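So this one's my_file_18.tsv, TSV, C-alpha atoms:
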chain	number	residue	atom	x	y	z
A	545	MET	CA	108.24	82.23	69.72
A	546	SER	CA	107.60	83.22	66.09
A	547	GLY	CA	107.74	79.72	64.63
A	548	ILE	CA	111.12	80.30	62.95
A	549	GLU	CA	113.60	77.45	63.34
A	550	ALA	CA	117.32	77.57	62.65
A	551	ASP	CA	118.91	75.05	60.30
A	552	ASN	CA	121.38	72.53	61.77
A	553	PHE	CA	120.50	73.48	65.33
A	554	HIS	CA	120.51	70.39	67.54
A	555	ASP	CA	119.39	71.63	70.96
A	556	ARG	CA	115.60	71.48	70.54
A	557	ARG	CA	114.70	71.92	74.20
A	558	PRO	CA	112.02	74.63	74.51
A	559	TRP	CA	113.57	77.50	76.41
A	560	LEU	CA	110.08	78.93	76.90
A	561	ASP	CA	107.40	76.35	77.68
A	562	HIS	CA	103.99	77.97	78.06
A	563	GLY	CA	102.50	74.68	79.23
A	564	PRO	CA	98.71	74.58	79.08
A	565	TRP	CA	98.43	78.28	78.20
A	566	LEU	CA	99.65	78.64	74.62
A	567	ASP	CA	101.29	76.72	71.84
A	568	GLU	CA	105.01	77.00	71.22
A	569	ARG	CA	104.62	79.95	68.80
A	570	PRO	CA	102.84	82.69	70.77
A	571	LEU	CA	104.04	85.40	68.36
A	572	ALA	CA	103.17	83.57	65.14
A	573	GLY	CA	99.71	85.12	65.00
A	574	ASP	CA	97.77	81.86	65.29
A	575	ALA	CA	98.58	80.91	68.89
A	576	GLU	CA	95.95	78.81	70.59
A	577	ARG	CA	95.41	77.35	74.03
A	578	ARG	CA	96.46	73.72	74.12
A	579	ASN	CA	95.25	70.78	76.14
A	580	GLN	CA	98.25	69.91	78.27
A	581	PRO	CA	97.86	69.62	82.04
A	582	GLN	CA	101.52	70.23	82.89
A	583	PRO	CA	104.62	71.50	81.05
A	584	GLU	CA	106.98	68.81	79.80
A	585	PRO	CA	109.99	68.12	82.08
A	586	TYR	CA	113.01	70.18	81.06
A	587	ALA	CA	116.10	68.09	80.23
A	588	PHE	CA	118.89	69.81	82.13
A	589	VAL	CA	122.39	68.74	81.10
A	590	ARG	CA	123.68	66.20	83.61
A	591	VAL	CA	127.25	66.18	84.89
A	592	GLU	CA	128.34	62.79	86.16
A	593	GLY	CA	131.39	61.58	88.06
A	594	ASP	CA	132.69	60.73	91.48
A	595	GLY	CA	131.16	62.98	94.13
A	596	VAL	CA	129.15	65.10	91.67
A	597	HIS	CA	125.75	66.22	92.88
A	598	GLU	CA	123.17	68.83	91.85
A	599	ILE	CA	121.74	71.80	93.71
A	600	PRO	CA	118.48	73.18	92.26
A	601	VAL	CA	117.73	76.81	93.14
A	602	GLY	CA	114.44	78.46	92.27
A	603	PRO	CA	112.45	79.27	90.24
A	604	VAL	CA	110.80	80.82	93.31
A	605	HIS	CA	113.26	82.96	95.28
A	606	ALA	CA	113.23	84.86	98.54
A	607	GLY	CA	112.18	88.48	98.34
A	608	ILE	CA	110.30	90.05	95.44
A	609	ILE	CA	112.49	89.18	92.45
A	610	GLU	CA	110.99	87.39	89.48
A	611	PRO	CA	111.35	83.63	88.90
A	612	GLY	CA	114.38	81.95	87.44
A	613	HIS	CA	115.83	78.47	87.90
A	614	PHE	CA	119.52	77.72	88.47
A	615	ARG	CA	120.81	74.13	88.30
A	616	PHE	CA	124.29	73.72	89.83
A	617	SER	CA	126.49	70.68	89.30
A	618	ILE	CA	128.84	70.53	92.28
A	619	VAL	CA	131.85	68.65	93.65
A	620	GLY	CA	132.22	69.55	97.30
A	621	GLU	CA	131.60	73.29	97.17
A	622	LYS	CA	133.16	73.87	93.75
A	623	VAL	CA	130.82	74.61	90.84
A	624	LEU	CA	131.48	72.44	87.78
A	625	ARG	CA	128.57	73.69	85.74
A	626	LEU	CA	125.63	76.08	86.01
A	627	GLU	CA	122.60	75.89	83.78
A	628	GLU	CA	119.96	78.62	83.91
A	629	ARG	CA	116.36	78.50	82.84
A	630	LEU	CA	114.19	81.62	82.70
A	631	GLY	CA	110.84	82.39	81.12
A	632	TYR	CA	108.29	81.37	83.74
A	633	VAL	CA	106.02	84.40	83.75
A	634	HIS	CA	104.38	84.27	80.29
A	635	LYS	CA	103.70	88.02	80.30
A	636	GLY	CA	103.06	88.32	76.58
A	637	ILE	CA	104.67	91.76	76.34
A	638	GLU	CA	105.20	91.67	72.57
A	639	ARG	CA	101.62	90.61	71.89
A	640	ARG	CA	100.33	93.30	74.25
A	641	PHE	CA	102.16	96.01	72.27
A	642	THR	CA	100.00	95.20	69.22
A	643	GLU	CA	96.88	95.99	71.27
A	644	LEU	CA	98.00	99.50	72.26
A	645	ALA	CA	97.99	102.79	70.40
A	646	PRO	CA	101.54	103.85	69.40
A	647	LEU	CA	101.29	107.09	71.41
A	648	ASP	CA	100.36	105.11	74.55
A	649	ALA	CA	102.74	102.14	74.28
A	650	HIS	CA	105.66	103.97	75.91
A	651	ARG	CA	104.01	103.15	79.26
A	652	LEU	CA	104.28	99.43	78.52
A	653	ALA	CA	107.88	99.79	77.35
A	654	GLY	CA	108.69	101.49	80.64
A	655	ARG	CA	107.40	98.44	82.49
A	656	VAL	CA	109.43	95.78	80.65
A	657	SER	CA	112.01	96.00	83.44
A	658	GLY	CA	111.12	98.34	86.28
A	659	ASP	CA	114.71	99.21	87.21
A	660	THR	CA	115.30	100.36	83.60
A	661	THR	CA	112.05	102.21	83.02
A	662	VAL	CA	113.72	105.40	81.77
A	663	ALA	CA	115.97	103.65	79.25
A	664	PHE	CA	113.18	101.51	77.81
A	665	ALA	CA	110.73	104.40	77.60
A	666	TRP	CA	113.34	106.58	75.88
A	667	ALA	CA	114.29	103.81	73.44
A	668	TYR	CA	110.62	103.22	72.56
A	669	CYS	CA	109.97	106.93	72.07
A	670	MET	CA	113.14	107.20	69.97
A	671	ALA	CA	111.88	104.32	67.80
A	672	LEU	CA	108.44	105.91	67.35
A	673	GLU	CA	109.86	109.36	66.67
A	674	SER	CA	112.23	107.91	64.06
A	675	ALA	CA	109.33	106.01	62.43
A	676	LEU	CA	107.42	109.29	62.25
A	677	ALA	CA	110.53	111.19	61.08
A	678	CYS	CA	109.98	113.88	63.70
A	679	SER	CA	112.27	115.66	66.14
A	680	ILE	CA	111.79	116.70	69.75
A	681	PRO	CA	112.68	119.99	71.52
A	682	GLU	CA	116.29	120.31	72.64
A	683	ARG	CA	115.23	120.78	76.25
A	684	ALA	CA	113.37	117.46	76.09
A	685	SER	CA	116.48	115.52	75.05
A	686	TRP	CA	118.47	117.10	77.89
A	687	LEU	CA	115.75	116.25	80.42
A	688	ARG	CA	115.71	112.67	79.13
A	689	ALA	CA	119.46	112.41	79.69
A	690	LEU	CA	119.04	113.83	83.20
A	691	LEU	CA	116.47	111.11	83.93
A	692	LEU	CA	118.69	108.40	82.44
A	693	GLU	CA	121.72	109.37	84.52
A	694	ARG	CA	119.63	109.53	87.68
A	695	GLU	CA	118.42	106.00	86.91
A	696	ARG	CA	122.03	104.84	86.48
A	697	VAL	CA	123.11	106.32	89.82
A	698	ALA	CA	120.12	104.86	91.69
A	699	ASN	CA	120.87	101.32	90.50
A	700	HIS	CA	124.62	101.50	91.11
A	701	LEU	CA	124.05	102.83	94.63
A	702	GLY	CA	121.67	99.97	95.41
A	703	ASP	CA	123.94	97.29	93.98
A	704	LEU	CA	127.11	98.56	95.62
A	705	GLY	CA	125.36	98.23	98.97
A	706	ALA	CA	124.02	94.76	98.12
A	707	LEU	CA	127.49	93.61	97.04
A	708	GLY	CA	128.88	94.66	100.39
A	709	ASN	CA	126.10	92.77	102.13
A	710	ASP	CA	126.73	89.61	100.06
A	711	ALA	CA	130.30	89.68	101.38
A	712	ALA	CA	129.06	90.02	105.00
A	713	PHE	CA	129.78	93.76	105.13
A	714	SER	CA	126.41	95.06	106.32
A	715	PHE	CA	127.83	98.54	106.95
A	716	GLY	CA	128.11	98.99	103.17
A	717	LEU	CA	124.48	97.96	102.66
A	718	ALA	CA	123.30	100.41	105.34
A	719	GLN	CA	125.23	103.35	103.94
A	720	PHE	CA	124.42	102.82	100.27
A	721	SER	CA	120.77	102.10	101.09
A	722	ARG	CA	120.59	105.43	102.90
A	723	LEU	CA	122.10	107.24	99.93
A	724	ARG	CA	119.80	105.49	97.46
A	725	GLU	CA	116.74	106.32	99.53
A	726	ASP	CA	117.65	110.02	99.56
A	727	TRP	CA	118.22	109.81	95.80
A	728	LEU	CA	114.84	108.19	95.12
A	729	ARG	CA	112.99	110.67	97.33
A	730	LEU	CA	114.35	113.60	95.34
A	731	SER	CA	113.41	111.81	92.11
A	732	LYS	CA	109.85	111.60	93.46
A	733	ASP	CA	109.85	115.31	94.29
A	734	ALA	CA	111.30	116.31	90.92
A	735	PHE	CA	109.62	113.89	88.52
A	736	GLY	CA	106.58	112.54	90.37
A	737	HIS	CA	107.78	108.95	90.81
A	738	ARG	CA	110.64	107.35	92.74
A	739	LEU	CA	111.75	105.38	89.65
A	740	MET	CA	110.73	108.23	87.30
A	741	MET	CA	108.20	105.98	85.57
A	742	ASP	CA	106.15	107.61	82.77
A	743	ALA	CA	108.33	110.74	82.86
A	744	ILE	CA	109.29	110.19	79.20
A	745	ARG	CA	106.60	110.18	76.51
A	746	PRO	CA	106.50	110.49	72.71
A	747	GLY	CA	107.51	114.01	71.73
A	748	GLY	CA	109.56	114.75	74.84
A	749	CYS	CA	108.99	114.56	78.60
A	750	ALA	CA	105.83	114.56	80.67
A	751	VAL	CA	107.52	116.60	83.42
A	752	ASP	CA	109.75	119.65	83.60
A	753	VAL	CA	111.90	121.07	86.39
A	754	ASP	CA	112.35	124.66	87.50
A	755	THR	CA	115.52	126.46	88.56
A	756	ALA	CA	114.99	125.75	92.25
A	757	MET	CA	114.73	122.01	91.61
A	758	LEU	CA	117.82	122.05	89.39
A	759	ASP	CA	119.69	123.65	92.29
A	760	ARG	CA	118.47	120.90	94.66
A	761	ILE	CA	119.57	118.21	92.23
A	762	GLY	CA	123.02	119.81	91.88
A	763	ARG	CA	123.50	120.10	95.63
A	764	GLN	CA	122.49	116.48	96.13
A	765	CYS	CA	125.08	115.42	93.55
A	766	ASP	CA	127.77	117.21	95.56
A	767	THR	CA	126.71	115.45	98.78
A	768	ILE	CA	126.42	112.00	97.20
A	769	GLU	CA	129.77	112.38	95.43
A	770	SER	CA	131.57	113.09	98.68
A	771	GLU	CA	130.01	110.13	100.46
A	772	VAL	CA	130.53	107.70	97.55
A	773	ALA	CA	134.20	108.70	97.37
A	774	SER	CA	134.60	108.01	101.11
A	775	LEU	CA	132.82	104.66	100.84
A	776	ARG	CA	135.01	103.68	97.91
A	777	VAL	CA	138.11	104.10	100.09
A	778	ILE	CA	136.49	101.92	102.75
A	779	TYR	CA	135.63	99.21	100.19
A	780	ASP	CA	139.11	99.30	98.64
A	781	GLU	CA	140.88	99.07	102.00
A	782	HIS	CA	138.66	96.45	103.60
A	783	ALA	CA	140.64	93.20	103.52
A	784	GLY	CA	137.60	90.97	103.99
A	785	LEU	CA	135.75	92.56	101.06
A	786	GLN	CA	138.73	92.43	98.75
A	787	ASP	CA	139.33	88.77	99.65
A	788	ARG	CA	135.79	88.01	98.46
A	789	PHE	CA	135.86	90.34	95.41
A	790	VAL	CA	139.26	89.80	93.80
A	791	MET	CA	139.45	86.93	91.27
A	792	THR	CA	135.86	85.89	92.04
A	793	GLY	CA	133.54	85.30	89.09
A	794	ARG	CA	136.19	86.24	86.55
A	795	VAL	CA	135.28	86.73	82.88
A	796	GLU	CA	138.45	87.23	80.86
A	797	PRO	CA	138.34	89.75	77.99
A	798	GLN	CA	138.65	87.02	75.35
A	799	LEU	CA	135.61	85.17	76.70
A	800	ALA	CA	133.68	88.42	77.11
A	801	ALA	CA	134.33	89.24	73.44
A	802	ARG	CA	133.26	85.77	72.26
A	803	LEU	CA	130.01	85.83	74.23
A	804	GLY	CA	129.16	89.48	73.50
A	805	LEU	CA	129.23	90.65	77.13
A	806	THR	CA	127.82	94.17	77.14
A	807	GLY	CA	127.24	97.15	79.42
A	808	PHE	CA	129.25	97.90	82.55
A	809	ALA	CA	129.95	94.17	82.99
A	810	GLY	CA	131.50	94.10	79.51
A	811	ARG	CA	133.51	97.24	80.22
A	812	ALA	CA	134.85	95.55	83.37
A	813	SER	CA	136.15	92.75	81.11
A	814	GLY	CA	137.98	94.92	78.61
A	815	GLN	CA	135.04	95.53	76.21
A	816	ALA	CA	135.33	99.29	75.76
A	817	ALA	CA	131.87	100.11	74.40
A	818	ASP	CA	129.45	102.75	75.63
A	819	LEU	CA	126.83	104.27	73.33
A	820	ARG	CA	127.08	107.60	75.14
A	821	SER	CA	130.65	108.04	73.93
A	822	ASP	CA	130.84	105.70	70.89
A	823	HIS	CA	127.59	106.77	69.21
A	824	PRO	CA	126.61	109.91	71.09
A	825	TRP	CA	123.14	111.29	70.45
A	826	SER	CA	121.82	114.57	71.79
A	827	PRO	CA	122.75	115.75	74.34
A	828	TYR	CA	125.63	113.29	74.88
A	829	ASP	CA	127.37	114.64	71.80
A	830	GLN	CA	128.00	117.79	73.88
A	831	LEU	CA	128.95	116.19	77.20
A	832	ASP	CA	132.22	114.30	76.51
A	833	VAL	CA	131.31	111.18	78.49
A	834	LYS	CA	134.28	109.47	80.14
A	835	MET	CA	133.98	105.70	79.69
A	836	ALA	CA	134.86	103.56	82.72
A	837	THR	CA	136.76	100.36	81.88
A	838	HIS	CA	138.74	97.57	83.53
A	839	ARG	CA	140.38	94.36	82.31
A	840	ASN	CA	140.34	91.97	85.26
A	841	GLY	CA	136.72	90.94	84.72
A	842	ASP	CA	136.13	89.81	88.31
A	843	VAL	CA	133.69	91.05	90.95
A	844	ALA	CA	136.27	93.63	92.05
A	845	ALA	CA	136.49	95.00	88.50
A	846	ARG	CA	132.71	95.25	88.17
A	847	VAL	CA	132.58	97.05	91.53
A	848	SER	CA	135.31	99.45	90.38
A	849	VAL	CA	133.47	100.25	87.14
A	850	ARG	CA	130.27	100.88	89.09
A	851	PHE	CA	132.07	103.38	91.33
A	852	ASP	CA	133.60	105.13	88.32
A	853	GLU	CA	130.27	105.27	86.49
A	854	THR	CA	128.46	106.63	89.54
A	855	LEU	CA	130.93	109.48	89.88
A	856	GLU	CA	130.84	110.20	86.14
A	857	SER	CA	127.03	110.25	86.13
A	858	LEU	CA	127.05	112.73	89.00
A	859	ARG	CA	129.32	114.97	86.90
A	860	LEU	CA	127.02	114.61	83.91
A	861	ILE	CA	123.94	115.46	85.98
A	862	ARG	CA	125.56	118.66	87.20
A	863	ALA	CA	126.50	119.54	83.61
A	864	LEU	CA	122.95	118.85	82.42
A	865	CYS	CA	121.45	120.97	85.18
A	866	GLY	CA	123.89	123.81	84.56
A	867	ALA	CA	123.32	124.07	80.80
A	868	LEU	CA	119.69	122.91	80.42
A	869	PRO	CA	118.31	124.70	77.33
A	870	GLY	CA	115.17	126.78	77.50
A	871	GLY	CA	111.98	126.08	75.61
A	872	ALA	CA	109.32	123.41	75.80
A	873	ALA	CA	109.81	120.02	77.46
A	874	SER	CA	107.60	118.31	74.88
A	875	ALA	CA	106.11	118.75	71.41
A	876	PRO	CA	102.70	117.38	70.36
A	877	LEU	CA	102.75	114.35	68.07
A	878	ALA	CA	99.96	113.36	65.72
A	879	ALA	CA	98.93	109.72	65.83
A	880	PRO	CA	100.66	107.75	63.04
A	881	ALA	CA	98.46	106.96	60.06
A	882	LYS	CA	100.76	104.95	57.79
A	883	ALA	CA	103.38	102.23	57.83
A	884	GLY	CA	106.81	102.91	59.27
A	885	ILE	CA	109.85	101.33	60.87
A	886	GLY	CA	111.86	102.83	63.72
A	887	ALA	CA	114.56	101.86	66.18
A	888	GLY	CA	115.72	103.20	69.53
A	889	TRP	CA	119.15	102.55	71.01
A	890	VAL	CA	120.03	103.82	74.50
A	891	GLU	CA	122.85	103.06	76.95
A	892	GLY	CA	120.90	102.05	80.02
A	893	TRP	CA	122.57	101.47	83.37
A	894	ARG	CA	122.86	97.72	82.72
A	895	GLY	CA	123.94	98.11	79.07
A	896	GLU	CA	122.51	98.69	75.61
A	897	VAL	CA	118.71	98.85	75.45
A	898	PHE	CA	117.31	98.39	71.95
A	899	VAL	CA	113.71	98.76	70.75
A	900	ALA	CA	112.60	97.79	67.24
A	901	LEU	CA	109.18	99.07	66.15
A	902	GLU	CA	107.12	98.33	63.05
A	903	LEU	CA	103.85	100.12	62.21
A	904	ASP	CA	101.32	98.69	59.77
A	905	ASP	CA	99.56	100.52	56.92
A	906	ALA	CA	97.03	102.05	59.33
A	907	GLY	CA	99.74	103.27	61.72
A	908	ALA	CA	99.03	100.62	64.36
A	909	ILE	CA	101.80	98.58	66.00
A	910	ARG	CA	102.48	95.43	64.01
A	911	ARG	CA	105.45	94.36	66.13
A	912	CYS	CA	107.55	95.88	68.89
A	913	HIS	CA	110.53	94.08	70.38
A	914	CYS	CA	112.28	95.42	73.49
A	915	HIS	CA	115.79	94.00	73.86
A	916	ASP	CA	117.36	94.07	77.32
A	917	PRO	CA	121.17	93.67	77.66
A	918	SER	CA	120.50	90.72	79.96
A	919	TRP	CA	119.85	88.65	76.82
A	920	GLN	CA	123.59	88.75	76.09
A	921	ASN	CA	124.78	88.64	79.67
A	922	TRP	CA	122.83	85.79	81.31
A	923	PRO	CA	124.80	83.07	79.47
A	924	VAL	CA	128.05	84.66	80.64
A	925	ILE	CA	127.20	84.04	84.30
A	926	GLU	CA	127.17	80.30	83.54
A	927	HIS	CA	130.86	80.65	82.66
A	928	ALA	CA	131.75	83.19	85.37
A	929	VAL	CA	130.69	80.88	88.19
A	930	ILE	CA	132.66	77.79	87.02
A	931	GLY	CA	135.43	76.91	89.49
A	932	ASN	CA	134.04	79.18	92.21
A	933	ILE	CA	132.45	77.94	95.40
A	934	VAL	CA	128.68	77.84	95.86
A	935	PRO	CA	128.59	80.61	98.54
A	936	ASP	CA	130.15	83.00	96.02
A	937	PHE	CA	127.31	82.62	93.53
A	938	PRO	CA	125.06	85.31	95.11
A	939	LEU	CA	128.02	87.69	95.04
A	940	ILE	CA	128.83	86.92	91.40
A	941	ASN	CA	125.18	87.11	90.40
A	942	LYS	CA	124.69	90.49	92.11
A	943	SER	CA	127.83	91.92	90.51
A	944	PHE	CA	126.02	91.56	87.16
A	945	ASN	CA	122.49	92.06	88.57
A	946	LEU	CA	120.73	90.99	85.38
A	947	SER	CA	117.04	91.37	84.70
A	948	TYR	CA	114.67	88.42	84.79
A	949	SER	CA	111.78	90.62	83.68
A	950	GLY	CA	113.59	92.15	80.70
A	951	HIS	CA	114.50	88.66	79.54
A	952	ASP	CA	111.03	87.14	79.96
A	953	LEU	CA	108.80	88.92	77.47
Render the structure in this file as structure tokens.
Amino acid sequence: MSGIEADNFHDRRPWLDHGPWLDERPLAGDAERRNQPQPEPYAFVRVEGDGVHEIPVGPVHAGIIEPGHFRFSIVGEKVLRLEERLGYVHKGIERRFTELAPLDAHRLAGRVSGDTTVAFAWAYCMALESALACSIPERASWLRALLLERERVANHLGDLGALGNDAAFSFGLAQFSRLREDWLRLSKDAFGHRLMMDAIRPGGCAVDVDTAMLDRIGRQCDTIESEVASLRVIYDEHAGLQDRFVMTGRVEPQLAARLGLTGFAGRASGQAADLRSDHPWSPYDQLDVKMATHRNGDVAARVSVRFDETLESLRLIRALCGALPGGAASAPLAAPAKAGIGAGWVEGWRGEVFVALELDDAGAIRRCHCHDPSWQNWPVIEHAVIGNIVPDFPLINKSFNLSYSGHDL
């Protein structure tokens, strides 16, 4: 996208083809509209042999998810190869950053991937605050962590229900959907938005919570914890679920290490890395986060890690509510007026979210790159599905639940 080409790299297929809209270097600074009526056909790798056939899926899918194409090479129902192609939306996120004031661009960062709005907004603000060499109030960092853990719980609750549903256990979907809805409604009451969008801004947080709301949040954690624990027993003891989960979509620790699998999916394959405990920043340096890990690397392991992380996040939320420092929730920041470089690094619910920010001599945004953990994890699904049957792909895919939007900037 920047016009930089690697030496000795033989696969020249354009992963992003902007067709008639732009040239092949939309971030090079001289991008122009080109005269091309249709994008060039994409040369998917063909698998040939007796009985081999292809199943194309997407890029348009049912529901409201973003586009992505999956090309399966199949014998019978067994998957021999999966090739993914993303990048259909042409959003131009990185170019759009350069058109925004640095103090306003956190709103765009929070919309890179809507299910990770808190993590991206925090990482952007961390990058800007580091470029400006400024600090934020202690209460603000604790409120940001409270928001981040609520985001983690909301996504795990939704996915645990969807995983049950993908294995024909609709009871699990109904129960976890109910819990997630209650969770999102309290987020709306406390922070003004069900997904807590725009709650984090440069200098701190745009919202604060009083003692009564902290009590409500703590009581909800108690209720959710009890129900999640009961549902975990049901999942673990349900023979039909375990038959679908165990040894399905397995990523062994050696492969996970080679491909850089990150986040909870990496931790389910023996990659013990979590920024909250490995590189703790405030307030995580005071919370003693317990990392959830597993080594089996299958759907069952990813489900187990999700349960563990949900329960740990509920503990962290209670700790944050119980020891929230006093003071201001935000500090005013002056608009930058000179060059600077900053970075933000946050453990989002899906994995490590990284934002790199560069300001020019006038303090405007020269370049801002938001890196979603899905960049590392999408290629791993191509390996995880090999040898499994086609009907297990939705289950395997949901156990990772990667972002199309965060990958398609």
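Atom CA of A:Ile744 lies 11.5 Å from atom CA of A:Ala649.
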| From the list A:Phe588, A:Trp666, A:Trp919, A:Tyr828, which residue is nearest A:Ser949 when using only C-alpha atoms? |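 Going through A:Phe588, A:Trp666, A:Trp919, A:Tyr828 one by one, the smallest distance to A:Ser949 is for A:Trp919.
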| field | Straight-line distance linking atom CA of A:Gly593 with atom CA of A:Asp936, stated in Å to one decimal | value | 22.9 Å
| Distance of atom CA of A:Ala698 from atom CA of A:Asp754, expressed in Å to one decimal place |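 So the two atoms, atom CA of A:Asp754 and atom CA of A:Ala698, lie 21.7 Å apart.
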| Out of A:Met835, A:Ala653, A:Leu775, A:Leu860, which residue has the shortest atom-to-atom distance to A:Gly762 when counting all atoms listed in the file? | A:Leu860
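Residue nearest A:Val601 within the list A:Gln764, A:Phe616, A:Val589, A:Asn945: A:Phe616 [criterion: smallest interatomic distance, all atoms listed in the file].
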Select, counting all atoms listed in the file, all protein, DNA and RNA residues no farther than 9 Å from (100.4, 89.2, 69.7) in file coordinates, and express the selection as a short mmCIF file (atom, residue, chain, number, x, y, z; two decimals) with C-alpha atoms, keeping the file's coordinate frame.
data_model
loop_
_atom_site.label_atom_id
_atom_site.label_comp_id
_atom_site.auth_asym_id
_atom_site.auth_seq_id
_atom_site.Cartn_x
_atom_site.Cartn_y
_atom_site.Cartn_z
CA PRO A 570 102.84 82.69 70.77
CA LEU A 571 104.04 85.40 68.36
CA ALA A 572 103.17 83.57 65.14
CA GLY A 573 99.71 85.12 65.00
CA ASP A 574 97.77 81.86 65.29
CA ALA A 575 98.58 80.91 68.89
CA GLY A 636 103.06 88.32 76.58
CA ILE A 637 104.67 91.76 76.34
CA GLU A 638 105.20 91.67 72.57
CA ARG A 639 101.62 90.61 71.89
CA ARG A 640 100.33 93.30 74.25
CA PHE A 641 102.16 96.01 72.27
CA THR A 642 100.00 95.20 69.22
CA GLU A 643 96.88 95.99 71.27
CA ARG A 910 102.48 95.43 64.01
CA ARG A 911 105.45 94.36 66.13
#
| task | Pick out the closest residue to A:Leu877 from this set: A:His823, A:Arg894, A:Arg745, A:His927. Count all atoms listed in the file. | result |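 The answer is A:Arg745, which sits nearest to A:Leu877.
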| said: List the spatial neighbours of A:Ser679 as an MDAnalysis selection string - criterion: any atom at most 10 Å away, only C-alpha atoms, same-chain residues fewer than 6 positions off excluded. | reply: chainID A and resid 670 673 685 747:748 875 877
| field | Expected residue set, 9 Å radius at (105.2, 104.5, 71.8), all atoms listed in the file, as a count of residues only | value | 21
| said: Residues within 7 Å of stretch 724-727 of chain A, please, as an MDAnalysis selection string. Count only C-alpha atoms; anything in the same chain fewer than 4 positions from it doesn't count. | reply: chainID A and resid 698 701:702 720 731
| field | Selection: 9 Å around A:Gly658, only C-alpha atoms, excl. self and same-chain fewer than 5 positions, as a list in words | value | Leu739, Met741, Ser949 and Gly950 of chain A
| task | Write out as a list in words the residues lying within 7 Å of stretch 812-821 of chain A, counting all atoms listed in the file and excluding same-chain residues fewer than 4 positions away. | result | Val795, Glu796, Pro797, Ala800, Ala801, Phe808, Tyr828, Asp832, Val833, Met835, Thr837, His838, Arg839, Asn840, Gly841, Ala845, Arg846, Val849, Val890 and Glu891 of chain A
